[in-house]
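Q: Below is the file input.pdb, with PDB, C-alpha atoms, pLDDT in the B column.
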MODEL        1
ATOM      1  CA  MET A   1     -21.488-105.327  47.622  1.00 40.00           C
ATOM      2  CA  ILE A   2     -22.981-103.403  50.535  1.00 41.00           C
ATOM      3  CA  LEU A   3     -22.547 -99.782  51.430  1.00 48.00           C
ATOM      4  CA  LYS A   4     -22.364 -98.803  55.083  1.00 43.00           C
ATOM      5  CA  HIS A   5     -23.285 -95.390  56.379  1.00 44.00           C
ATOM      6  CA  LYS A   6     -24.432 -93.746  59.566  1.00 44.00           C
ATOM      7  CA  ASN A   7     -27.931 -92.425  60.010  1.00 45.00           C
ATOM      8  CA  MET A   8     -27.475 -88.831  61.130  1.00 42.00           C
ATOM      9  CA  SER A   9     -30.444 -88.990  63.500  1.00 43.00           C
ATOM     10  CA  ASP A  10     -29.460 -91.988  65.588  1.00 45.00           C
ATOM     11  CA  ASN A  11     -25.766 -92.433  64.656  1.00 39.00           C
ATOM     12  CA  LYS A  12     -26.344 -96.110  63.832  1.00 48.00           C
ATOM     13  CA  GLN A  13     -24.475 -97.814  61.060  1.00 52.00           C
ATOM     14  CA  LEU A  14     -26.782 -98.936  58.253  1.00 61.00           C
ATOM     15  CA  VAL A  15     -26.106-101.390  55.458  1.00 72.00           C
ATOM     16  CA  LEU A  16     -27.330-100.747  51.918  1.00 88.00           C
ATOM     17  CA  PRO A  17     -27.701-103.514  49.300  1.00 89.00           C
ATOM     18  CA  GLU A  18     -25.838-103.100  46.024  1.00 90.00           C
ATOM     19  CA  ARG A  19     -28.994-102.548  43.958  1.00 92.00           C
ATOM     20  CA  THR A  20     -30.198 -99.857  46.360  1.00 94.00           C
ATOM     21  CA  VAL A  21     -26.939 -97.955  45.894  1.00 94.00           C
ATOM     22  CA  GLU A  22     -27.376 -98.185  42.120  1.00 93.00           C
ATOM     23  CA  ARG A  23     -30.958 -96.907  42.329  1.00 95.00           C
ATOM     24  CA  LEU A  24     -29.948 -94.012  44.599  1.00 96.00           C
ATOM     25  CA  SER A  25     -27.454 -92.911  41.946  1.00 94.00           C
ATOM     26  CA  GLU A  26     -30.175 -93.214  39.285  1.00 95.00           C
ATOM     27  CA  TYR A  27     -32.645 -91.256  41.427  1.00 96.00           C
ATOM     28  CA  ARG A  28     -30.151 -88.436  41.911  1.00 95.00           C
ATOM     29  CA  ARG A  29     -29.429 -88.188  38.192  1.00 93.00           C
ATOM     30  CA  MET A  30     -33.131 -87.908  37.424  1.00 94.00           C
ATOM     31  CA  LEU A  31     -33.729 -85.474  40.292  1.00 94.00           C
ATOM     32  CA  PHE A  32     -31.055 -83.171  38.864  1.00 91.00           C
ATOM     33  CA  ARG A  33     -32.914 -83.175  35.549  1.00 89.00           C
ATOM     34  CA  GLN A  34     -36.213 -82.402  37.247  1.00 89.00           C
ATOM     35  CA  MET A  35     -34.739 -79.587  39.338  1.00 86.00           C
ATOM     36  CA  ASN A  36     -32.944 -78.023  36.354  1.00 83.00           C
ATOM     37  CA  ASN A  37     -35.955 -78.218  34.034  1.00 78.00           C
ATOM     38  CA  TYR A  38     -36.980 -74.565  34.016  1.00 71.00           C
ATOM     39  CA  GLU A  39     -40.177 -75.322  32.120  1.00 70.00           C
ATOM     40  CA  ILE A  40     -41.436 -77.501  34.987  1.00 72.00           C
ATOM     41  CA  LYS A  41     -39.916 -75.489  37.872  1.00 76.00           C
ATOM     42  CA  LYS A  42     -40.336 -78.492  40.137  1.00 85.00           C
ATOM     43  CA  THR A  43     -39.237 -78.372  43.806  1.00 91.00           C
ATOM     44  CA  HIS A  44     -40.932 -81.535  45.094  1.00 94.00           C
ATOM     45  CA  ILE A  45     -41.650 -84.991  43.682  1.00 95.00           C
ATOM     46  CA  TYR A  46     -43.904 -87.853  44.786  1.00 95.00           C
ATOM     47  CA  SER A  47     -42.698 -91.441  45.050  1.00 95.00           C
ATOM     48  CA  HIS A  48     -44.992 -92.567  42.223  1.00 95.00           C
ATOM     49  CA  GLU A  49     -43.548 -89.858  39.945  1.00 95.00           C
ATOM     50  CA  LEU A  50     -39.963 -90.863  40.693  1.00 95.00           C
ATOM     51  CA  ALA A  51     -40.926 -94.508  40.247  1.00 96.00           C
ATOM     52  CA  SER A  52     -42.494 -93.923  36.826  1.00 95.00           C
ATOM     53  CA  LEU A  53     -39.318 -92.211  35.629  1.00 93.00           C
ATOM     54  CA  HIS A  54     -37.350 -95.377  36.437  1.00 93.00           C
ATOM     55  CA  GLY A  55     -39.858 -98.080  35.530  1.00 92.00           C
ATOM     56  CA  ILE A  56     -40.195 -99.381  39.095  1.00 95.00           C
ATOM     57  CA  THR A  57     -42.881 -99.265  41.777  1.00 96.00           C
ATOM     58  CA  ALA A  58     -43.534 -96.423  44.207  1.00 96.00           C
ATOM     59  CA  VAL A  59     -43.177 -98.985  47.001  1.00 96.00           C
ATOM     60  CA  GLN A  60     -39.587 -99.662  45.893  1.00 97.00           C
ATOM     61  CA  VAL A  61     -38.777 -95.947  45.879  1.00 96.00           C
ATOM     62  CA  ARG A  62     -40.203 -95.495  49.380  1.00 95.00           C
ATOM     63  CA  ARG A  63     -38.275 -98.523  50.658  1.00 95.00           C
ATOM     64  CA  ASP A  64     -34.992 -97.195  49.263  1.00 96.00           C
ATOM     65  CA  LEU A  65     -35.493 -93.743  50.742  1.00 96.00           C
ATOM     66  CA  MET A  66     -36.638 -95.116  54.085  1.00 93.00           C
ATOM     67  CA  LEU A  67     -33.354 -97.037  54.245  1.00 92.00           C
ATOM     68  CA  ILE A  68     -31.443 -93.756  54.159  1.00 93.00           C
ATOM     69  CA  GLY A  69     -33.814 -92.122  56.624  1.00 92.00           C
ATOM     70  CA  PHE A  70     -35.425 -89.718  54.151  1.00 93.00           C
ATOM     71  CA  THR A  71     -39.150 -89.017  54.415  1.00 89.00           C
ATOM     72  CA  SER A  72     -41.602 -86.996  52.367  1.00 88.00           C
ATOM     73  CA  ASP A  73     -44.121 -84.289  53.019  1.00 86.00           C
ATOM     74  CA  ILE A  74     -47.540 -85.945  52.685  1.00 85.00           C
ATOM     75  CA  LYS A  75     -48.953 -82.996  50.738  1.00 88.00           C
ATOM     76  CA  LYS A  76     -45.929 -82.024  48.623  1.00 90.00           C
ATOM     77  CA  GLY A  77     -43.860 -85.188  48.265  1.00 94.00           C
ATOM     78  CA  TYR A  78     -40.053 -85.314  48.531  1.00 95.00           C
ATOM     79  CA  ASN A  79     -38.089 -82.072  48.538  1.00 95.00           C
ATOM     80  CA  ILE A  80     -35.882 -82.550  45.459  1.00 95.00           C
ATOM     81  CA  LYS A  81     -32.936 -80.418  46.560  1.00 94.00           C
ATOM     82  CA  GLU A  82     -32.849 -81.954  50.051  1.00 96.00           C
ATOM     83  CA  LEU A  83     -33.094 -85.473  48.626  1.00 96.00           C
ATOM     84  CA  ILE A  84     -30.195 -84.807  46.237  1.00 95.00           C
ATOM     85  CA  ASN A  85     -28.089 -83.597  49.164  1.00 95.00           C
ATOM     86  CA  CYS A  86     -29.067 -86.604  51.284  1.00 95.00           C
ATOM     87  CA  ILE A  87     -28.105 -89.074  48.550  1.00 95.00           C
ATOM     88  CA  ALA A  88     -24.819 -87.233  48.004  1.00 92.00           C
ATOM     89  CA  GLU A  89     -24.001 -87.460  51.709  1.00 91.00           C
ATOM     90  CA  ILE A  90     -24.483 -91.219  51.619  1.00 91.00           C
ATOM     91  CA  ILE A  91     -23.031 -92.446  48.323  1.00 89.00           C
ATOM     92  CA  ASP A  92     -20.348 -89.829  47.624  1.00 89.00           C
ATOM     93  CA  THR A  93     -16.841 -90.068  49.034  1.00 86.00           C
ATOM     94  CA  PRO A  94     -15.803 -87.297  51.456  1.00 87.00           C
ATOM     95  CA  THR A  95     -12.915 -86.273  49.182  1.00 90.00           C
ATOM     96  CA  ILE A  96     -12.283 -86.466  45.439  1.00 92.00           C
ATOM     97  CA  THR A  97     -11.623 -90.008  44.212  1.00 94.00           C
ATOM     98  CA  ASN A  98      -9.023 -90.114  41.447  1.00 96.00           C
ATOM     99  CA  ILE A  99      -9.651 -92.544  38.589  1.00 96.00           C
ATOM    100  CA  ALA A 100      -7.449 -93.880  35.784  1.00 97.00           C
ATOM    101  CA  VAL A 101      -8.390 -95.532  32.502  1.00 97.00           C
ATOM    102  CA  VAL A 102      -6.315 -98.489  31.294  1.00 97.00           C
ATOM    103  CA  GLY A 103      -6.378 -98.985  27.532  1.00 96.00           C
ATOM    104  CA  MET A 104      -6.962 -95.665  25.752  1.00 94.00           C
ATOM    105  CA  GLY A 105      -8.948 -96.737  22.698  1.00 92.00           C
ATOM    106  CA  LYS A 106     -12.119 -95.222  21.242  1.00 92.00           C
ATOM    107  CA  MET A 107     -14.324 -96.469  24.079  1.00 91.00           C
ATOM    108  CA  ALA A 108     -11.984 -95.023  26.696  1.00 93.00           C
ATOM    109  CA  LYS A 109     -11.936 -91.665  24.922  1.00 93.00           C
ATOM    110  CA  ALA A 110     -15.725 -91.583  24.852  1.00 92.00           C
ATOM    111  CA  ILE A 111     -16.006 -92.556  28.530  1.00 92.00           C
ATOM    112  CA  THR A 112     -13.460 -89.953  29.625  1.00 92.00           C
ATOM    113  CA  SER A 113     -14.935 -87.146  27.523  1.00 91.00           C
ATOM    114  CA  TYR A 114     -18.449 -87.900  28.742  1.00 89.00           C
ATOM    115  CA  PHE A 115     -17.732 -88.489  32.429  1.00 88.00           C
ATOM    116  CA  ASN A 116     -15.323 -85.787  33.543  1.00 85.00           C
ATOM    117  CA  GLY A 117     -17.227 -82.836  34.964  1.00 79.00           C
ATOM    118  CA  LYS A 118     -20.367 -84.858  35.700  1.00 80.00           C
ATOM    119  CA  ARG A 119     -19.533 -85.520  39.382  1.00 81.00           C
ATOM    120  CA  ASN A 120     -17.523 -83.353  41.779  1.00 82.00           C
ATOM    121  CA  LYS A 121     -16.177 -86.253  43.840  1.00 87.00           C
ATOM    122  CA  LEU A 122     -15.071 -88.530  40.965  1.00 92.00           C
ATOM    123  CA  LYS A 123     -12.392 -87.480  38.473  1.00 93.00           C
ATOM    124  CA  ILE A 124     -10.470 -89.281  35.740  1.00 95.00           C
ATOM    125  CA  ILE A 125      -6.934 -87.882  35.984  1.00 96.00           C
ATOM    126  CA  ALA A 126      -4.747 -90.372  34.097  1.00 97.00           C
ATOM    127  CA  SER A 127      -4.747 -93.071  31.433  1.00 97.00           C
ATOM    128  CA  PHE A 128      -2.429 -95.921  30.486  1.00 97.00           C
ATOM    129  CA  ASP A 129      -1.610 -97.649  27.217  1.00 96.00           C
ATOM    130  CA  SER A 130       1.160 -99.671  25.565  1.00 95.00           C
ATOM    131  CA  ASP A 131       0.942 -97.909  22.189  1.00 95.00           C
ATOM    132  CA  PRO A 132       4.059 -95.698  21.718  1.00 96.00           C
ATOM    133  CA  GLU A 133       1.998 -93.188  19.711  1.00 95.00           C
ATOM    134  CA  LYS A 134      -0.359 -92.633  22.667  1.00 96.00           C
ATOM    135  CA  ILE A 135       2.194 -92.624  25.499  1.00 97.00           C
ATOM    136  CA  GLY A 136       3.028 -89.090  26.560  1.00 96.00           C
ATOM    137  CA  ALA A 137       0.102 -87.591  24.658  1.00 96.00           C
ATOM    138  CA  LYS A 138      -3.042 -85.990  26.036  1.00 94.00           C
ATOM    139  CA  ILE A 139      -6.099 -87.958  25.010  1.00 91.00           C
ATOM    140  CA  ALA A 140      -9.531 -86.524  25.818  1.00 89.00           C
ATOM    141  CA  GLY A 141      -7.682 -84.019  27.982  1.00 90.00           C
ATOM    142  CA  ILE A 142      -5.992 -86.726  30.083  1.00 94.00           C
ATOM    143  CA  HIS A 143      -2.258 -87.543  30.074  1.00 96.00           C
ATOM    144  CA  CYS A 144      -1.516 -91.055  28.830  1.00 97.00           C
ATOM    145  CA  TYR A 145       1.259 -92.965  30.606  1.00 98.00           C
ATOM    146  CA  ASP A 146       3.152 -96.095  29.640  1.00 97.00           C
ATOM    147  CA  ILE A 147       1.276 -99.059  31.109  1.00 97.00           C
ATOM    148  CA  SER A 148       4.588-100.286  32.541  1.00 96.00           C
ATOM    149  CA  SER A 149       4.459 -97.346  34.976  1.00 97.00           C
ATOM    150  CA  LEU A 150       1.020 -98.320  36.289  1.00 97.00           C
ATOM    151  CA  VAL A 151       2.055 -98.978  39.900  1.00 97.00           C
ATOM    152  CA  GLU A 152       4.284 -95.912  40.139  1.00 98.00           C
ATOM    153  CA  ILE A 153       1.712 -93.437  38.779  1.00 98.00           C
ATOM    154  CA  ILE A 154      -1.221 -94.870  40.715  1.00 98.00           C
ATOM    155  CA  LYS A 155       0.667 -94.488  43.982  1.00 97.00           C
ATOM    156  CA  LYS A 156       2.067 -91.074  43.071  1.00 97.00           C
ATOM    157  CA  GLU A 157      -1.310 -89.637  41.997  1.00 97.00           C
ATOM    158  CA  LYS A 158      -3.268 -91.397  44.758  1.00 97.00           C
ATOM    159  CA  ILE A 159      -5.555 -93.111  42.247  1.00 97.00           C
ATOM    160  CA  LYS A 160      -8.180 -95.356  43.858  1.00 96.00           C
ATOM    161  CA  MET A 161     -10.237 -96.638  40.913  1.00 96.00           C
ATOM    162  CA  LEU A 162      -9.508 -98.103  37.488  1.00 97.00           C
ATOM    163  CA  VAL A 163     -11.608 -98.318  34.342  1.00 96.00           C
ATOM    164  CA  LEU A 164     -10.375-101.231  32.236  1.00 96.00           C
ATOM    165  CA  THR A 165     -10.962-100.917  28.486  1.00 94.00           C
ATOM    166  CA  LEU A 166      -7.881-102.734  27.238  1.00 93.00           C
ATOM    167  CA  PRO A 167      -8.002-105.963  25.153  1.00 90.00           C
ATOM    168  CA  SER A 168      -9.031-108.995  27.213  1.00 87.00           C
ATOM    169  CA  SER A 169      -5.793-110.767  26.288  1.00 88.00           C
ATOM    170  CA  GLN A 170      -3.829-108.150  28.256  1.00 91.00           C
ATOM    171  CA  VAL A 171      -5.781-108.324  31.506  1.00 91.00           C
ATOM    172  CA  ASP A 172      -3.703-111.132  33.035  1.00 90.00           C
ATOM    173  CA  ASP A 173      -0.514-109.152  32.370  1.00 92.00           C
ATOM    174  CA  ILE A 174      -1.501-106.364  34.768  1.00 94.00           C
ATOM    175  CA  LYS A 175      -3.229-108.275  37.588  1.00 93.00           C
ATOM    176  CA  SER A 176      -0.209-108.267  39.869  1.00 93.00           C
ATOM    177  CA  ASP A 177       0.386-104.564  39.178  1.00 95.00           C
ATOM    178  CA  ILE A 178      -3.220-103.760  40.084  1.00 95.00           C
ATOM    179  CA  ILE A 179      -2.875-105.514  43.428  1.00 94.00           C
ATOM    180  CA  GLU A 180       0.498-103.938  44.161  1.00 95.00           C
ATOM    181  CA  SER A 181      -0.798-100.458  43.308  1.00 95.00           C
ATOM    182  CA  GLY A 182      -3.377-100.504  46.097  1.00 94.00           C
ATOM    183  CA  ILE A 183      -6.382 -99.905  43.845  1.00 95.00           C
ATOM    184  CA  LYS A 184      -9.734-100.197  45.684  1.00 94.00           C
ATOM    185  CA  GLY A 185     -12.250-100.471  42.834  1.00 95.00           C
ATOM    186  CA  ILE A 186     -12.425-101.541  39.181  1.00 96.00           C
ATOM    187  CA  LEU A 187     -14.994-100.963  36.448  1.00 95.00           C
ATOM    188  CA  ASN A 188     -14.273-103.734  33.972  1.00 94.00           C
ATOM    189  CA  PHE A 189     -15.361-103.156  30.363  1.00 93.00           C
ATOM    190  CA  THR A 190     -13.393-106.145  29.063  1.00 90.00           C
ATOM    191  CA  SER A 191     -14.985-109.523  28.344  1.00 83.00           C
ATOM    192  CA  SER A 192     -12.582-111.214  30.771  1.00 83.00           C
ATOM    193  CA  THR A 193     -13.491-111.976  34.346  1.00 83.00           C
ATOM    194  CA  ILE A 194     -10.896-110.543  36.697  1.00 86.00           C
ATOM    195  CA  ASN A 195     -10.087-112.962  39.486  1.00 83.00           C
ATOM    196  CA  LEU A 196      -7.985-111.302  42.167  1.00 83.00           C
ATOM    197  CA  ASP A 197      -6.925-112.523  45.582  1.00 75.00           C
ATOM    198  CA  LYS A 198      -9.604-111.836  48.203  1.00 75.00           C
ATOM    199  CA  GLU A 199      -6.891-110.342  50.380  1.00 71.00           C
ATOM    200  CA  ALA A 200      -6.549-107.525  47.833  1.00 82.00           C
ATOM    201  CA  ASN A 201      -9.991-106.266  48.913  1.00 89.00           C
ATOM    202  CA  ILE A 202     -10.813-104.760  45.504  1.00 93.00           C
ATOM    203  CA  TYR A 203     -14.443-104.286  44.469  1.00 92.00           C
ATOM    204  CA  ILE A 204     -14.976-105.215  40.801  1.00 93.00           C
ATOM    205  CA  GLN A 205     -17.975-104.309  38.645  1.00 91.00           C
ATOM    206  CA  ASP A 206     -18.123-106.053  35.262  1.00 90.00           C
ATOM    207  CA  PHE A 207     -19.762-104.338  32.296  1.00 88.00           C
ATOM    208  CA  ASP A 208     -19.951-106.880  29.492  1.00 82.00           C
ATOM    209  CA  ILE A 209     -21.486-105.222  26.426  1.00 82.00           C
ATOM    210  CA  ILE A 210     -21.820-108.515  24.521  1.00 81.00           C
ATOM    211  CA  THR A 211     -23.767-110.151  27.352  1.00 81.00           C
ATOM    212  CA  LEU A 212     -26.028-107.118  27.721  1.00 82.00           C
ATOM    213  CA  LEU A 213     -26.767-106.972  23.985  1.00 86.00           C
ATOM    214  CA  GLU A 214     -27.500-110.722  23.899  1.00 85.00           C
ATOM    215  CA  LYS A 215     -29.851-110.252  26.848  1.00 81.00           C
ATOM    216  CA  ILE A 216     -31.664-107.434  25.063  1.00 86.00           C
ATOM    217  CA  ALA A 217     -31.846-109.469  21.846  1.00 87.00           C
ATOM    218  CA  TYR A 218     -33.352-112.407  23.731  1.00 83.00           C
ATOM    219  CA  PHE A 219     -36.091-110.363  25.384  1.00 81.00           C
ATOM    220  CA  SER A 220     -36.743-108.465  22.163  1.00 84.00           C
ATOM    221  CA  LYS A 221     -37.263-111.815  20.435  1.00 73.00           C
ATOM    222  CA  GLU A 222     -39.605-112.957  23.200  1.00 59.00           C
ATOM    223  CA  ASN A 223     -41.627-109.744  22.915  1.00 58.00           C
ATOM    224  CA  ASN A 224     -41.939-110.122  19.134  1.00 60.00           C
ATOM    225  CA  GLU A 225     -43.047-113.761  19.437  1.00 59.00           C
ATOM    226  CA  ASN A 226     -45.778-112.757  21.883  1.00 57.00           C
ATOM    227  CA  LEU A 227     -47.307-110.174  19.516  1.00 52.00           C
TER     228      LEU A 227
ENDMDL
END
Is it possible to express this structure as structure tokens?

A:
Amino acid sequence: MILKHKNMSDNKQLVLPERTVERLSEYRRMLFRQMNNYEIKKTHIYSHELASLHGITAVQVRRDLMLIGFTSDIKKGYNIKELINCIAEIIDTPTITNIAVVGMGKMAKAITSYFNGKRNKLKIIASFDSDPEKIGAKIAGIHCYDISSLVEIIKKEKIKMLVLTLPSSQVDDIKSDIIESGIKGILNFTSSTINLDKEANIYIQDFDIITLLEKIAYFSKENNENL
């Protein structure tokens, strides 16, 4: 995935790599913490400080910020508030993006409760499930609809993104509905790979917990063997 934006100074369209977009989001989250830490009262931050907070090099930080046309004061470092605003201008959508969760189990409840209120431009406004006991109820403050009404509600509420937390065995059953609904992005928490027609132009990000835990276990084993 690449993210395109215009540099405000020269009006040229720039292209950002996927990993850069991810790091910009991570930088902003950490910058918020630094700015709101009243014990530190920090207004500026150097590239090596930001890098150490993320376990990367200062060179990488400078490269990322140069890509978005943001420079630092040699004596003070980067202005935290201005950098937050710059990142927001680039990675945030101009209007609120409505999101729906499909499969309202325990994970979905946790995601919804944690996420809503964290970002002004992203909002979970609906959920879907096939369980009669959940349909029509408010779960984590979000109305739960019958999954059979997926297309209708998505179009009615102008929902652009889906978070999939339903059982993997049910993913194939809703593929055609996802395409028909006009969804533009999917965060996939299921263990199934979602293969959609390229013509649908839907960006999909997989989040496979099992794979991630196996990866961590492998490198933990390697670290222990090297002691």

Q: Hey, what comes out of the PyMOL selection byres ((chain A and resi 25-41) around 10) on this file? Could you write it as number ranges by chain?

A: A: 19-24, 42-45, 50-51, 53-54, 61, 79-81, 83-88, 91-92, 118

Q: Write out as a PyMOL selection string each polymer residue whose atoms come within 9 Å of Leu67 (chain A), counting all atoms listed in the file; drop sequence neighbours fewer than 5 positions from it.

A: chain A and resi 14-16+20+62

Q: In Å, with one decimal, what is the gap from CA of Lys123 (chain A) to CA of Ile204 (chain A)?

A: 18.1 Å

Q: Could you state which residues are captured by the PyMOL selection byres ((chain A and resi 170) around 12) in this file, as a ChimeraX atom specification?

A: /A:102-103,129-130,147,164-169,171-175,190-192,194

Q: Pull C-alpha atoms from the residues just selected and write them as a tab-separated table (two decimals), in the frame of the given file.

A:
chain	number	residue	atom	x	y	z
A	102	VAL	CA	-6.32	-98.49	31.29
A	103	GLY	CA	-6.38	-98.98	27.53
A	129	ASP	CA	-1.61	-97.65	27.22
A	130	SER	CA	1.16	-99.67	25.56
A	147	ILE	CA	1.28	-99.06	31.11
A	164	LEU	CA	-10.38	-101.23	32.24
A	165	THR	CA	-10.96	-100.92	28.49
A	166	LEU	CA	-7.88	-102.73	27.24
A	167	PRO	CA	-8.00	-105.96	25.15
A	168	SER	CA	-9.03	-109.00	27.21
A	169	SER	CA	-5.79	-110.77	26.29
A	171	VAL	CA	-5.78	-108.32	31.51
A	172	ASP	CA	-3.70	-111.13	33.03
A	173	ASP	CA	-0.51	-109.15	32.37
A	174	ILE	CA	-1.50	-106.36	34.77
A	175	LYS	CA	-3.23	-108.28	37.59
A	190	THR	CA	-13.39	-106.14	29.06
A	191	SER	CA	-14.98	-109.52	28.34
A	192	SER	CA	-12.58	-111.21	30.77
A	194	ILE	CA	-10.90	-110.54	36.70

Q: Select, from A:His48, A:Phe128, A:Glu133, A:Asp206, the residue with the minimum atom-to-atom distance to Gln60 (chain A), counting all atoms listed in the file.

A: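 Smallest distance to Gln60 (chain A) is found for A:His48.
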
Q: Near Glu199 (chain A), counting all atoms listed in the file, which residues have an atom at most 12 Å away, once you skip same-chain residues fewer than 4 positions from it, shown as a ChimeraX atom specification?

A: /A:179-180,182,184,195,203

Q: Report as a PDB file with C-alpha atoms, in the coordinates of the input the residues that result from applying the PyMOL selection byres ((chain A and resi 122) around 6) to the structure here.

A:
ATOM      1  CA  ILE A  96     -12.283 -86.466  45.439  1.00 92.00           C
ATOM      2  CA  THR A  97     -11.623 -90.008  44.212  1.00 94.00           C
ATOM      3  CA  ARG A 119     -19.533 -85.520  39.382  1.00 81.00           C
ATOM      4  CA  ASN A 120     -17.523 -83.353  41.779  1.00 82.00           C
ATOM      5  CA  LYS A 121     -16.177 -86.253  43.840  1.00 87.00           C
ATOM      6  CA  LYS A 123     -12.392 -87.480  38.473  1.00 93.00           C
TER       7      LYS A 123
END

Q: If I take CA of Lys155 (chain A) and CA of Phe207 (chain A), how far is one from the other in Å, to one decimal?

A: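 If I compute the distance from CA of Lys155 (chain A) to CA of Phe207 (chain A), I get 25.5 Å.
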
Q: In Å to one decimal, how far is CA of Leu162 (chain A) from CA of Thr193 (chain A)?

A: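 About the pair CA of Thr193 (chain A) and CA of Leu162 (chain A): they are 14.8 Å apart.
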
Q: Nearest residue to Ile125 (chain A) out of A:Thr211, A:Ser113, A:Asn188, A:Ser148, using all atoms listed in the file?

A: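 Going through A:Thr211, A:Ser113, A:Asn188, A:Ser148 one by one, the smallest distance to Ile125 (chain A) is for A:Ser113.
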
Q: Regenerate region 12-30 of chain A at the level of N, CA and C atoms and dump it as a PDB file, keeping the file's coordinate frame.

A:
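Output contents, as saved in selection.pdb:
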ATOM      1  N   LYS A  12     -26.514 -94.674  64.006  1.00 48.00           N
ATOM      2  CA  LYS A  12     -26.344 -96.110  63.832  1.00 48.00           C
ATOM      3  C   LYS A  12     -25.812 -96.396  62.436  1.00 48.00           C
ATOM      4  N   GLN A  13     -25.021 -97.435  62.354  1.00 52.00           N
ATOM      5  CA  GLN A  13     -24.475 -97.814  61.060  1.00 52.00           C
ATOM      6  C   GLN A  13     -25.497 -98.652  60.306  1.00 52.00           C
ATOM      7  N   LEU A  14     -25.819 -98.226  59.090  1.00 61.00           N
ATOM      8  CA  LEU A  14     -26.782 -98.936  58.253  1.00 61.00           C
ATOM      9  C   LEU A  14     -26.046 -99.632  57.116  1.00 61.00           C
ATOM     10  N   VAL A  15     -26.694-100.637  56.560  1.00 72.00           N
ATOM     11  CA  VAL A  15     -26.106-101.390  55.458  1.00 72.00           C
ATOM     12  C   VAL A  15     -27.042-101.315  54.260  1.00 72.00           C
ATOM     13  N   LEU A  16     -26.521-100.861  53.130  1.00 88.00           N
ATOM     14  CA  LEU A  16     -27.330-100.747  51.918  1.00 88.00           C
ATOM     15  C   LEU A  16     -26.969-101.832  50.918  1.00 88.00           C
ATOM     16  N   PRO A  17     -27.966-102.517  50.341  1.00 89.00           N
ATOM     17  CA  PRO A  17     -27.701-103.514  49.300  1.00 89.00           C
ATOM     18  C   PRO A  17     -27.145-102.846  48.042  1.00 89.00           C
ATOM     19  N   GLU A  18     -26.458-103.621  47.240  1.00 90.00           N
ATOM     20  CA  GLU A  18     -25.838-103.100  46.024  1.00 90.00           C
ATOM     21  C   GLU A  18     -26.854-102.438  45.106  1.00 90.00           C
ATOM     22  N   ARG A  19     -27.997-103.095  44.885  1.00 92.00           N
ATOM     23  CA  ARG A  19     -28.994-102.548  43.958  1.00 92.00           C
ATOM     24  C   ARG A  19     -29.576-101.238  44.473  1.00 92.00           C
ATOM     25  N   THR A  20     -29.688-101.105  45.789  1.00 94.00           N
ATOM     26  CA  THR A  20     -30.198 -99.857  46.360  1.00 94.00           C
ATOM     27  C   THR A  20     -29.234 -98.716  46.060  1.00 94.00           C
ATOM     28  N   VAL A  21     -27.942 -98.978  46.189  1.00 94.00           N
ATOM     29  CA  VAL A  21     -26.939 -97.955  45.894  1.00 94.00           C
ATOM     30  C   VAL A  21     -27.047 -97.528  44.428  1.00 94.00           C
ATOM     31  N   GLU A  22     -27.235 -98.489  43.541  1.00 93.00           N
ATOM     32  CA  GLU A  22     -27.376 -98.185  42.120  1.00 93.00           C
ATOM     33  C   GLU A  22     -28.612 -97.317  41.877  1.00 93.00           C
ATOM     34  N   ARG A  23     -29.731 -97.681  42.524  1.00 95.00           N
ATOM     35  CA  ARG A  23     -30.958 -96.907  42.329  1.00 95.00           C
ATOM     36  C   ARG A  23     -30.827 -95.495  42.899  1.00 95.00           C
ATOM     37  N   LEU A  24     -30.140 -95.345  44.027  1.00 96.00           N
ATOM     38  CA  LEU A  24     -29.948 -94.012  44.599  1.00 96.00           C
ATOM     39  C   LEU A  24     -29.202 -93.114  43.617  1.00 96.00           C
ATOM     40  N   SER A  25     -28.195 -93.668  42.956  1.00 94.00           N
ATOM     41  CA  SER A  25     -27.454 -92.911  41.946  1.00 94.00           C
ATOM     42  C   SER A  25     -28.383 -92.534  40.789  1.00 94.00           C
ATOM     43  N   GLU A  26     -29.230 -93.477  40.378  1.00 95.00           N
ATOM     44  CA  GLU A  26     -30.175 -93.214  39.285  1.00 95.00           C
ATOM     45  C   GLU A  26     -31.212 -92.165  39.699  1.00 95.00           C
ATOM     46  N   TYR A  27     -31.693 -92.252  40.935  1.00 96.00           N
ATOM     47  CA  TYR A  27     -32.645 -91.256  41.427  1.00 96.00           C
ATOM     48  C   TYR A  27     -32.025 -89.863  41.363  1.00 96.00           C
ATOM     49  N   ARG A  28     -30.797 -89.749  41.865  1.00 95.00           N
ATOM     50  CA  ARG A  28     -30.151 -88.436  41.911  1.00 95.00           C
ATOM     51  C   ARG A  28     -29.998 -87.851  40.510  1.00 95.00           C
ATOM     52  N   ARG A  29     -29.598 -88.681  39.560  1.00 93.00           N
ATOM     53  CA  ARG A  29     -29.429 -88.188  38.192  1.00 93.00           C
ATOM     54  C   ARG A  29     -30.740 -87.645  37.639  1.00 93.00           C
ATOM     55  N   MET A  30     -31.833 -88.365  37.906  1.00 94.00           N
ATOM     56  CA  MET A  30     -33.131 -87.908  37.424  1.00 94.00           C
ATOM     57  C   MET A  30     -33.620 -86.685  38.194  1.00 94.00           C
TER      58      MET A  30
END
